[in-house]
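Asker: Sharing a structure, written as structure tokens. Questions coming.
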Amino acid sequence: MISTELVTLPASGAEQPFLSCRVAGPKGAPLLLFLHGFPEAAFVWDDLLQRFGDRYRCVAPNLRGYPGSYAPADVKAYRANIVLGDLVALIHQQATTPDTPATAVIAHDWGGALAWGLAAAAPQVMQRLVILNAPHPGLFLKALRDDPAQQAASSYMNLLRTPGIEARLAANDFELMWTFFERFGGAAWLTPSLREQYRQAWSAPPQPAGDAHTATSALTGPLNYYRASPLHPPTSPTDTINTLQLPDALLYVNVPTSVIWGEADTALPPSLLDGLPRYVPKLHVTRLPQATHWLLHEAPEEVAQAIDAALLR
């Protein structure tokens with residue numbers, strides 16, 4: 001059985017964050033934490049929650065800013081260190097005991113970007129990391145700064161940072177939003193029922209954020225991750241990314257890590273794996289040659305088997 005639970009996290013100053021989570025499995029069982037990306041939501045993990053819920057406590061939050069979760073309007077509220085605080089608190093609350101690490105953090109896209117940072121900065125909260133098509137921040141920084149092909153492939157990031165882009169993305173029944181699936185490898189998997197789940201996620205009224213100014217669009221929180229991040233293709237010679245140096249504390253991952261990569265991803269090509277062992281010494285890579293960025297939908301059994309193997313590694 002999968003249910004939806006609202007999890008209130010410890011207050012941080014004036015903030016009282018909360019996350020709407022899809023959950024399965026008994027409380028007290030070893031924890032698997034699933035982190036979604038853009039433009040998705042926690043429901044994309046439902047099949048895996050059903051698969052692993054007989055052995056684990058499976059928790060898939062809607063990240064802050066996403067449907068049903070804490071959704072402040074301020075871009076600063078989506079900086080990585082703040083969102084990582086949500087995840088640490090969620091693990092402490094959902095694990096067998098507050099001091100028990102998650103058995104695994106399993107993450108895709110933006111969720112993967114956060115998971116890389118979490119594994120580097122707070123390795124004590126997880127026993128292993130599983131990444132689906134989310135580049136390591138050090139390698140992504142270099143590619144965005146120096147590789148014209150990656151700059152072109154990631155040009156959409158600058159579009160998503162544009163002030164007021166929400167209305168354009170929502171127009172004509174989210175016409176532009178569907179192209180993110182189609183552009184990055186087609187969308188034969190996008191059934192009418194799945195389209196409706198996305199449509200609901202993209203139009204759900206944001207939850208009031210206490211004393212903080214609440215986002216007015218369901219798309220504002222998701223887009224604020226792009227707006228808050230320094231990692232995007234440079235737009236001028238004075239752009240921050242041209243001189244950005246990430247601290248070692250955000251680069252080196254010493255927990256056992258499994259990367260599952262759809263090699264037909266046109267936005268994040270497999271070349272982003274080159275050099276990864278430098279930062280991740282305990283590394284195993286599973287390559288899915290025919291899958292794109294949306295490997296979770298295109299190759300669900302292969303992804304599930306790779307996660308099964310990672311949990312035994």
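Labels used: A, B, ... for chains in the order of the structure tokens, numbers from 1 for residues in each chain, and numbers from 1 for ligands as shown.
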Could you write out, as JSON, numbers by chain, all the residues of range 262-292 of chain A that DSSP marks as strand (DSSP E)?

Answerer: {"A": [262, 283, 284, 285, 286, 287, 288]}

Asker: Limited to N, CA and C atoms, could you put the picked residues into a file as a compact mmCIF listing (two decimals), in the first residue's frame?

Answerer:
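Result file follows (part_10.txt):
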```txt
# COMPACT_ATOMS: atom_id res chain seq x y z
N GLY A 262 21.14 6.35 -18.49
CA GLY A 262 20.59 6.19 -19.82
C GLY A 262 21.48 6.91 -20.81
N LEU A 283 32.73 3.17 -6.63
CA LEU A 283 31.78 3.47 -7.71
C LEU A 283 31.47 2.24 -8.55
N HIS A 284 30.19 2.08 -8.88
CA HIS A 284 29.76 1.08 -9.86
C HIS A 284 28.82 1.77 -10.84
N VAL A 285 29.04 1.58 -12.14
CA VAL A 285 28.23 2.23 -13.17
C VAL A 285 27.49 1.18 -13.98
N THR A 286 26.18 1.36 -14.13
CA THR A 286 25.35 0.55 -15.01
C THR A 286 24.89 1.43 -16.16
N ARG A 287 25.22 1.04 -17.38
CA ARG A 287 24.86 1.83 -18.56
C ARG A 287 23.69 1.18 -19.28
N LEU A 288 22.69 1.99 -19.61
CA LEU A 288 21.54 1.52 -20.38
C LEU A 288 21.59 2.23 -21.73
```

Asker: Can you tell me which residues surround Ala267 in chain A at a distance of at most 8 Å, considering only C-alpha atoms, apart from same-chain residues fewer than 2 positions away, and format the answer as a PyMOL selection string?

Answerer: chain A and resi 150+153-154+184+265+269+293

Asker: Could you list, with a cut-off of 6 Å and counting only C-alpha atoms, the residues of range 75-142 of chain A near range 21-38 of chain A, each shown with its nearest atom pair and the distance in Å rounded to one decimal, rows sorted by chain and ascending number, as JSON lines?

Answerer:
```
{"residue": "A:Ala95", "atom": "CA", "partner": "A:Leu31", "partner_atom": "CA", "distance": 5.5}
{"residue": "A:Thr96", "atom": "CA", "partner": "A:Gly28", "partner_atom": "CA", "distance": 4.3}
{"residue": "A:Ala102", "atom": "CA", "partner": "A:Leu31", "partner_atom": "CA", "distance": 4.8}
{"residue": "A:Thr103", "atom": "CA", "partner": "A:Leu31", "partner_atom": "CA", "distance": 5.4}
{"residue": "A:Ala104", "atom": "CA", "partner": "A:Leu32", "partner_atom": "CA", "distance": 5.2}
{"residue": "A:Val105", "atom": "CA", "partner": "A:Leu33", "partner_atom": "CA", "distance": 4.8}
{"residue": "A:Ile106", "atom": "CA", "partner": "A:Phe34", "partner_atom": "CA", "distance": 4.8}
{"residue": "A:Ala107", "atom": "CA", "partner": "A:Leu35", "partner_atom": "CA", "distance": 4.5}
{"residue": "A:His108", "atom": "CA", "partner": "A:His36", "partner_atom": "CA", "distance": 5.5}
{"residue": "A:Asp109", "atom": "CA", "partner": "A:Gly37", "partner_atom": "CA", "distance": 4.6}
{"residue": "A:Trp110", "atom": "CA", "partner": "A:Gly37", "partner_atom": "CA", "distance": 4.3}
{"residue": "A:Gly111", "atom": "CA", "partner": "A:Leu35", "partner_atom": "CA", "distance": 4.6}
```

Asker: Excluding Lys282 in chain A and residues on its chain fewer than 2 positions from it, collect all residues at most 12 Å away from it, counting only C-alpha atoms, and give them as a compact mmCIF listing (two decimals) with all heavy atoms, in the first residue's frame.

Answerer:
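result.txt, freshly written:
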```
# COMPACT_ATOMS: atom_id res chain seq x y z
N GLN A 127 23.91 4.88 3.84
CA GLN A 127 24.86 3.80 3.68
C GLN A 127 25.34 3.67 2.24
O GLN A 127 26.44 3.22 1.99
CB GLN A 127 24.22 2.48 4.13
CG GLN A 127 23.95 2.42 5.62
CD GLN A 127 23.30 1.11 6.04
OE1 GLN A 127 22.58 0.49 5.25
NE2 GLN A 127 23.52 0.71 7.27
N ARG A 128 24.49 4.08 1.29
CA ARG A 128 24.87 4.02 -0.12
C ARG A 128 24.04 5.03 -0.90
O ARG A 128 22.99 5.47 -0.45
CB ARG A 128 24.70 2.60 -0.68
CG ARG A 128 23.33 2.01 -0.49
CD ARG A 128 23.24 0.58 -1.00
NE ARG A 128 24.07 -0.37 -0.28
CZ ARG A 128 23.77 -0.91 0.89
NH1 ARG A 128 22.65 -0.57 1.52
NH2 ARG A 128 24.58 -1.78 1.45
N LEU A 129 24.56 5.33 -2.08
CA LEU A 129 23.93 6.32 -2.96
C LEU A 129 23.66 5.68 -4.31
O LEU A 129 24.52 4.97 -4.85
CB LEU A 129 24.87 7.51 -3.12
CG LEU A 129 24.48 8.62 -4.11
CD1 LEU A 129 23.21 9.33 -3.65
CD2 LEU A 129 25.63 9.61 -4.27
N VAL A 130 22.48 5.93 -4.86
CA VAL A 130 22.12 5.45 -6.20
C VAL A 130 21.67 6.65 -7.02
O VAL A 130 20.70 7.33 -6.66
CB VAL A 130 21.01 4.38 -6.16
CG1 VAL A 130 20.72 3.88 -7.57
CG2 VAL A 130 21.40 3.21 -5.25
N TYR A 252 33.69 15.36 -2.98
CA TYR A 252 34.20 14.01 -2.75
C TYR A 252 33.17 13.16 -2.01
O TYR A 252 32.70 13.53 -0.93
CB TYR A 252 35.52 14.06 -2.00
CG TYR A 252 36.62 14.63 -2.87
CD1 TYR A 252 36.94 15.99 -2.83
CD2 TYR A 252 37.29 13.84 -3.80
CE1 TYR A 252 37.90 16.53 -3.66
CE2 TYR A 252 38.25 14.36 -4.63
CZ TYR A 252 38.56 15.71 -4.56
OH TYR A 252 39.51 16.24 -5.40
N VAL A 253 32.81 12.04 -2.62
CA VAL A 253 31.76 11.15 -2.10
C VAL A 253 32.42 9.83 -1.73
O VAL A 253 32.93 9.12 -2.61
CB VAL A 253 30.66 10.94 -3.14
CG1 VAL A 253 29.67 9.88 -2.68
CG2 VAL A 253 29.94 12.25 -3.43
N ASN A 254 32.38 9.50 -0.48
CA ASN A 254 33.06 8.29 0.00
C ASN A 254 32.11 7.17 0.38
O ASN A 254 32.57 6.12 0.84
CB ASN A 254 33.97 8.64 1.18
CG ASN A 254 35.16 9.48 0.76
OD1 ASN A 254 35.86 9.14 -0.20
ND2 ASN A 254 35.38 10.60 1.44
N VAL A 255 30.82 7.37 0.20
CA VAL A 255 29.89 6.25 0.42
C VAL A 255 29.83 5.42 -0.86
O VAL A 255 30.05 5.94 -1.97
CB VAL A 255 28.49 6.75 0.81
CG1 VAL A 255 28.54 7.56 2.10
CG2 VAL A 255 27.85 7.55 -0.30
N PRO A 256 29.57 4.13 -0.76
CA PRO A 256 29.42 3.31 -1.97
C PRO A 256 28.34 3.88 -2.88
O PRO A 256 27.22 4.17 -2.43
CB PRO A 256 29.03 1.94 -1.42
CG PRO A 256 29.56 1.92 -0.02
CD PRO A 256 29.44 3.33 0.47
N THR A 257 28.67 4.06 -4.14
CA THR A 257 27.79 4.77 -5.07
C THR A 257 27.56 3.93 -6.33
O THR A 257 28.51 3.44 -6.93
CB THR A 257 28.41 6.12 -5.46
OG1 THR A 257 28.58 6.92 -4.28
CG2 THR A 257 27.52 6.86 -6.46
N SER A 258 26.29 3.81 -6.70
CA SER A 258 25.92 3.16 -7.96
C SER A 258 25.28 4.20 -8.85
O SER A 258 24.35 4.90 -8.44
CB SER A 258 24.94 2.01 -7.70
OG SER A 258 25.52 1.01 -6.89
N VAL A 259 25.77 4.30 -10.07
CA VAL A 259 25.22 5.23 -11.05
C VAL A 259 24.56 4.42 -12.15
O VAL A 259 25.17 3.50 -12.72
CB VAL A 259 26.31 6.14 -11.64
CG1 VAL A 259 25.77 6.97 -12.80
CG2 VAL A 259 26.88 7.06 -10.55
N LEU A 276 34.67 10.46 -13.26
CA LEU A 276 33.91 10.33 -12.01
C LEU A 276 34.66 9.59 -10.91
O LEU A 276 34.55 9.97 -9.73
CB LEU A 276 32.57 9.66 -12.30
CG LEU A 276 31.55 9.60 -11.16
CD1 LEU A 276 31.27 10.98 -10.59
CD2 LEU A 276 30.25 8.94 -11.64
N PRO A 277 35.46 8.54 -11.22
CA PRO A 277 36.17 7.86 -10.13
C PRO A 277 37.11 8.75 -9.33
O PRO A 277 37.44 8.43 -8.19
CB PRO A 277 36.95 6.76 -10.87
CG PRO A 277 36.15 6.50 -12.10
CD PRO A 277 35.62 7.85 -12.50
N ARG A 278 37.52 9.86 -9.91
CA ARG A 278 38.37 10.80 -9.16
C ARG A 278 37.66 11.31 -7.91
O ARG A 278 38.28 11.52 -6.87
CB ARG A 278 38.74 11.98 -10.06
CG ARG A 278 39.47 13.11 -9.34
CD ARG A 278 39.62 14.33 -10.22
NE ARG A 278 40.12 15.46 -9.45
CZ ARG A 278 40.10 16.72 -9.88
NH1 ARG A 278 39.60 17.01 -11.08
NH2 ARG A 278 40.56 17.71 -9.13
N TYR A 279 36.35 11.50 -8.02
CA TYR A 279 35.58 12.04 -6.90
C TYR A 279 34.86 10.96 -6.10
O TYR A 279 34.46 11.19 -4.96
CB TYR A 279 34.54 13.03 -7.42
CG TYR A 279 35.10 14.24 -8.10
CD1 TYR A 279 34.96 14.42 -9.48
CD2 TYR A 279 35.77 15.22 -7.39
CE1 TYR A 279 35.47 15.54 -10.12
CE2 TYR A 279 36.29 16.35 -8.01
CZ TYR A 279 36.14 16.50 -9.37
OH TYR A 279 36.65 17.61 -10.00
N VAL A 280 34.65 9.79 -6.72
CA VAL A 280 33.83 8.75 -6.11
C VAL A 280 34.58 7.42 -6.19
O VAL A 280 34.43 6.66 -7.15
CB VAL A 280 32.47 8.63 -6.84
CG1 VAL A 280 31.52 7.72 -6.06
CG2 VAL A 280 31.83 9.99 -7.05
N HIS A 284 30.19 2.08 -8.88
CA HIS A 284 29.76 1.08 -9.86
C HIS A 284 28.82 1.77 -10.84
O HIS A 284 27.90 2.49 -10.43
CB HIS A 284 29.04 -0.09 -9.18
CG HIS A 284 28.65 -1.18 -10.13
ND1 HIS A 284 27.48 -1.15 -10.87
CD2 HIS A 284 29.29 -2.34 -10.47
CE1 HIS A 284 27.41 -2.24 -11.61
NE2 HIS A 284 28.49 -2.98 -11.39
N VAL A 285 29.04 1.58 -12.14
CA VAL A 285 28.23 2.23 -13.17
C VAL A 285 27.49 1.18 -13.98
O VAL A 285 28.11 0.22 -14.47
CB VAL A 285 29.10 3.10 -14.10
CG1 VAL A 285 28.24 3.72 -15.20
CG2 VAL A 285 29.81 4.20 -13.30
N ALA A 310 22.41 -2.78 -6.38
CA ALA A 310 23.10 -1.78 -5.59
C ALA A 310 22.86 -1.97 -4.10
O ALA A 310 23.77 -1.75 -3.28
CB ALA A 310 22.65 -0.37 -6.01
N ARG A 313 25.23 -4.53 -2.81
CA ARG A 313 26.64 -4.30 -3.07
C ARG A 313 27.33 -3.74 -1.83
O ARG A 313 26.77 -2.95 -1.09
CB ARG A 313 26.77 -3.35 -4.27
CG ARG A 313 28.10 -3.42 -4.98
CD ARG A 313 28.06 -2.66 -6.27
NE ARG A 313 27.36 -3.41 -7.32
CZ ARG A 313 26.31 -2.97 -7.98
NH1 ARG A 313 25.81 -1.77 -7.74
NH2 ARG A 313 25.75 -3.72 -8.90
```

Asker: So which bits of range 28-74 of chain A end up alpha helix (DSSP H) when you DSSP the backbone, as a list in words?

Answerer: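 Checking each residue of range 28-74 of chain A, the alpha helix (DSSP H) ones are Asp46, Asp47, Leu48, Leu49, Gln50, Arg51 and Phe52 of chain A.
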
Asker: Given only C-alpha atoms as the basis, pick out the residue of A:Glu15, A:Asp99, A:Asp173, A:Asp274 nearest to Pro208 in chain A.

Answerer: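 Ranked by minimum distance to Pro208 in chain A, first place goes to A:Glu15.
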
Asker: Between A:Glu40, A:Ala115, A:Leu90, A:Ser229, which is the closest to Trp178 in chain A once you count only C-alpha atoms?

Answerer: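 The closest residue to Trp178 in chain A is A:Glu40.
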
Asker: At a cut-off of 10 Å, using only C-alpha atoms, what residues contact Leu244 in chain A? Leave out same-chain residues fewer than 2 positions from it and give the result as a VMD selection string.

Answerer: chain A and resid 141 to 142 145 230 to 231 239 to 242 246 to 247

Asker: Which polymer residues have any atom within 12 Å of an atom of range 1-8 of chain A, counting only C-alpha atoms, with same-chain residues fewer than 4 positions away left out, as a ChimeraX atom specification?

Answerer: /A:12,15-26,42-43,45-54,57-64,67-70,86-87,89-94,207,209

Asker: Provide the CA of Asn224 in chain A to CA of Ala77 in chain A distance in Å, to one decimal place.

Answerer: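 CA of Ala77 in chain A lies at a distance of 8.5 Å from CA of Asn224 in chain A.
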
Asker: Tell me, in Å to one decimal, how far CA of His136 in chain A is from CA of Pro163 in chain A.

Answerer: 27.0 Å

Asker: Can I get the residues of range 46-86 of chain A within 10 Å of range 116-126 of chain A, each with the closest pair of atoms and their distance in Å to one decimal, using only C-alpha atoms, sorted chain first then ascending number, as a tab-separated table?

Answerer:
```
residue	atom	partner	partner_atom	distance
A:Ala80	CA	A:Gly117	CA	7.9
A:Asn81	CA	A:Gly117	CA	8.6
A:Val83	CA	A:Leu118	CA	9.7
A:Leu84	CA	A:Leu118	CA	6.3
A:Gly85	CA	A:Leu118	CA	9.0
```

Asker: Write out, as a PDB file, in the first residue's frame, the residues just selected, with N, CA and C atoms.

Answerer:
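Result saved to part_15.pdb:
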```pdb
ATOM      1  N   ALA A  80      21.029  25.172  -2.154  1.00  0.00           N
ATOM      2  CA  ALA A  80      21.301  23.757  -1.875  1.00  0.00           C
ATOM      3  C   ALA A  80      21.421  23.462  -0.393  1.00  0.00           C
ATOM      4  N   ASN A  81      22.130  24.314   0.354  1.00  0.00           N
ATOM      5  CA  ASN A  81      22.330  24.004   1.768  1.00  0.00           C
ATOM      6  C   ASN A  81      21.010  23.975   2.531  1.00  0.00           C
ATOM      7  N   VAL A  83      17.911  23.186   1.161  1.00  0.00           N
ATOM      8  CA  VAL A  83      17.156  22.001   0.749  1.00  0.00           C
ATOM      9  C   VAL A  83      17.793  20.737   1.343  1.00  0.00           C
ATOM     10  N   LEU A  84      19.130  20.708   1.428  1.00  0.00           N
ATOM     11  CA  LEU A  84      19.786  19.560   2.047  1.00  0.00           C
ATOM     12  C   LEU A  84      19.385  19.436   3.512  1.00  0.00           C
ATOM     13  N   GLY A  85      19.147  20.563   4.164  1.00  0.00           N
ATOM     14  CA  GLY A  85      18.660  20.509   5.544  1.00  0.00           C
ATOM     15  C   GLY A  85      17.322  19.812   5.648  1.00  0.00           C
TER      16      GLY A  85
END
```

Asker: Check the smallest atom-to-atom distance from each of A:Val303, A:His297, A:Gln290, A:Ala73 to Leu190 in chain A using only C-alpha atoms, then report the winner.

Answerer: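 Going through A:Val303, A:His297, A:Gln290, A:Ala73 one by one, the smallest distance to Leu190 in chain A is for A:His297.
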
Asker: Do you have the CA of Tyr66 in chain A-CA of Asn172 in chain A distance handy?

Answerer: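 Computed distance, CA of Tyr66 in chain A to CA of Asn172 in chain A, equals 21.1 Å.
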
Asker: Quick one: of A:Pro10, A:Pro137, A:Pro98, A:Pro39, who's nearest to Leu169 in chain A, counting only C-alpha atoms?

Answerer: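 Residue with the minimum atom-to-atom distance to Leu169 in chain A: A:Pro39.
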